[in-house]
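Some notes on the structure that comes next.
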Amino acid sequence: RFYDVENLRYKECDRITDYLNELRKAGANVEERQSEIIVHGRPEGVEGGVEINAHYDHRVIMALTVVGLRAKQPLRIRDAHHVAKSYPQYFDHLKILGANVEWIE
């Protein structure tokens with residue numbers, strides 16, 4: 001449970017509604033309040049196997065990527081290249097750590 005996060009609504013995208021909608025697509029059980037995010041744990045990971053939209057937001061891309069590390073099937077993150085805004089080597093570093101990352105044009 002994340003409290004007092006309403007300011008996330010006023011960034012590059014609505015980092016609450018947009019992010020939670022994409023988590024739902026991946027199979028996560030989440031709830032949204034005006035200034036609160038509730039994520040119900042899934043130790044087995046999410047289903048995955050879907051294309052999700054990062055809403056052109058570098059932080060949403062990174063967060064969704066971490067979710068993808070525990071997905072049963074791969075997640076395809078649309079417009080993931082926007083992560084370069086704050087962390088151009090993000091996917092290179094994930095690969096170094098052992099993540100399976102594939103760029104699809």
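FYI, nothing fancy with the structure tokens labels: chains A, B, ... in order, residues from 1 per chain, ligands from 1 as they appear.
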Polymer residues at most 8 Å from A:Ile16, only C-alpha atoms, same-chain spacing of 6 or more positions, as a list in words: Glu6, Leu8, Arg9, Glu32 and Ile37 of chain A
Every residue of stretch 10-96 of chain A that DSSP places in alpha helix (DSSP H), as a list in words: Thr17, Asp18, Tyr19, Leu20, Asn21, Glu22, Leu23, Arg24, Lys25, Ala26, His58, Arg59, Val60, Ile61, Met62, Ala63, Leu64, Thr65, Val66, Val67, Gly68, Tyr90, Phe91, Asp92, His93, Leu94, Lys95 and Ile96 of chain A
Residues within 8 Å of A:His40, only C-alpha atoms, excluding chain neighbours under 4 positions, as a VMD selection string: chain A and resid 28 to 30
Export of the given selection (C-alpha atoms) as a compact mmCIF listing (two decimals), in the first residue's frame:
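Result file follows (selection-v5.txt):
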```
# COMPACT_ATOMS: atom_id res chain seq x y z
CA ALA A 28 -1.94 -7.86 -11.25
CA ASN A 29 -4.65 -7.29 -8.65
CA VAL A 30 -4.49 -3.59 -7.79
```
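Every protein or nucleic acid residue with an atom no more than 10 Å from A:Leu64, counting only C-alpha atoms and leaving out same-chain residues fewer than 6 positions away, appears here: Tyr19, Leu20, Glu22, Leu23, Ala26, Ile52, Asn53, Ala54, Leu75, Arg76, Ile77 and Ala80 of chain A.
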Just list as a PDB file with N, CA and C atoms, in the first residue's frame whatever in chain A DSSP marks as strand (DSSP E or B).
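Once everything was written out, this is states-v4.pdb:
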```pdb
ATOM      1  N   PHE A   2       0.638   2.127  -0.934  1.00  0.00           N
ATOM      2  CA  PHE A   2       1.393   3.369  -1.059  1.00  0.00           C
ATOM      3  C   PHE A   2       0.443   4.519  -0.754  1.00  0.00           C
ATOM      4  N   ASN A  29      -3.450  -7.687  -9.384  1.00  0.00           N
ATOM      5  CA  ASN A  29      -4.646  -7.295  -8.649  1.00  0.00           C
ATOM      6  C   ASN A  29      -4.313  -6.024  -7.877  1.00  0.00           C
ATOM      7  N   VAL A  30      -4.825  -4.898  -8.366  1.00  0.00           N
ATOM      8  CA  VAL A  30      -4.494  -3.594  -7.788  1.00  0.00           C
ATOM      9  C   VAL A  30      -5.765  -2.784  -7.568  1.00  0.00           C
ATOM     10  N   GLU A  31      -5.669  -1.844  -6.633  1.00  0.00           N
ATOM     11  CA  GLU A  31      -6.782  -0.930  -6.359  1.00  0.00           C
ATOM     12  C   GLU A  31      -6.256   0.492  -6.381  1.00  0.00           C
ATOM     13  N   GLU A  32      -7.138   1.401  -6.764  1.00  0.00           N
ATOM     14  CA  GLU A  32      -6.765   2.807  -6.861  1.00  0.00           C
ATOM     15  C   GLU A  32      -7.670   3.653  -5.995  1.00  0.00           C
ATOM     16  N   ARG A  33      -7.053   4.569  -5.267  1.00  0.00           N
ATOM     17  CA  ARG A  33      -7.765   5.603  -4.525  1.00  0.00           C
ATOM     18  C   ARG A  33      -7.206   6.937  -5.020  1.00  0.00           C
ATOM     19  N   GLU A  36      -3.794   6.996  -3.191  1.00  0.00           N
ATOM     20  CA  GLU A  36      -3.311   5.732  -2.639  1.00  0.00           C
ATOM     21  C   GLU A  36      -3.317   4.654  -3.718  1.00  0.00           C
ATOM     22  N   ILE A  37      -2.324   3.794  -3.669  1.00  0.00           N
ATOM     23  CA  ILE A  37      -2.220   2.628  -4.542  1.00  0.00           C
ATOM     24  C   ILE A  37      -2.165   1.400  -3.645  1.00  0.00           C
ATOM     25  N   ILE A  38      -2.982   0.405  -3.968  1.00  0.00           N
ATOM     26  CA  ILE A  38      -2.954  -0.852  -3.227  1.00  0.00           C
ATOM     27  C   ILE A  38      -2.627  -1.957  -4.220  1.00  0.00           C
ATOM     28  N   VAL A  39      -1.545  -2.675  -3.956  1.00  0.00           N
ATOM     29  CA  VAL A  39      -1.120  -3.779  -4.808  1.00  0.00           C
ATOM     30  C   VAL A  39      -1.213  -5.052  -3.978  1.00  0.00           C
ATOM     31  N   HIS A  40      -2.036  -5.987  -4.420  1.00  0.00           N
ATOM     32  CA  HIS A  40      -2.178  -7.265  -3.728  1.00  0.00           C
ATOM     33  C   HIS A  40      -1.071  -8.199  -4.224  1.00  0.00           C
ATOM     34  N   GLY A  48       1.291 -11.958 -17.560  1.00  0.00           N
ATOM     35  CA  GLY A  48       2.036 -11.372 -18.667  1.00  0.00           C
ATOM     36  C   GLY A  48       1.453 -11.793 -20.007  1.00  0.00           C
ATOM     37  N   GLU A  51       0.737  -6.845 -24.485  1.00  0.00           N
ATOM     38  CA  GLU A  51       1.427  -5.596 -24.785  1.00  0.00           C
ATOM     39  C   GLU A  51       0.861  -4.526 -23.876  1.00  0.00           C
ATOM     40  N   ILE A  52       1.744  -3.802 -23.237  1.00  0.00           N
ATOM     41  CA  ILE A  52       1.303  -2.751 -22.340  1.00  0.00           C
ATOM     42  C   ILE A  52       1.860  -1.415 -22.817  1.00  0.00           C
ATOM     43  N   ASN A  53       1.190  -0.361 -22.423  1.00  0.00           N
ATOM     44  CA  ASN A  53       1.512   0.983 -22.871  1.00  0.00           C
ATOM     45  C   ASN A  53       2.221   1.719 -21.747  1.00  0.00           C
ATOM     46  N   GLN A  73       4.828 -15.009 -18.714  1.00  0.00           N
ATOM     47  CA  GLN A  73       5.054 -14.836 -20.144  1.00  0.00           C
ATOM     48  C   GLN A  73       5.603 -13.418 -20.352  1.00  0.00           C
ATOM     49  N   ARG A  76       5.402  -7.040 -23.472  1.00  0.00           N
ATOM     50  CA  ARG A  76       5.903  -6.132 -24.510  1.00  0.00           C
ATOM     51  C   ARG A  76       5.504  -4.726 -24.079  1.00  0.00           C
ATOM     52  N   ILE A  77       6.491  -3.878 -23.889  1.00  0.00           N
ATOM     53  CA  ILE A  77       6.247  -2.516 -23.427  1.00  0.00           C
ATOM     54  C   ILE A  77       6.367  -1.568 -24.616  1.00  0.00           C
ATOM     55  N   ARG A  78       5.250  -1.006 -25.013  1.00  0.00           N
ATOM     56  CA  ARG A  78       5.223  -0.082 -26.141  1.00  0.00           C
ATOM     57  C   ARG A  78       5.957   1.212 -25.772  1.00  0.00           C
TER      58      ARG A  78
END
```
Distance in Å - atom CA of A:Gln89 versus atom CA of A:His55: 19.6 Å
Residue with smallest distance to A:His58 - pool A:Ser86, A:Pro43, A:Ala99, A:Arg15, counting only C-alpha atoms: A:Ser86
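The interatomic distance for the pair atom CA of A:Asp92 and atom CA of A:Gly41 works out to 28.0 Å.
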Option closest in space to A:Lys11, from A:Gly27, A:Lys95, A:Asp57, A:Asn100 [counting only C-alpha atoms]: A:Asp57
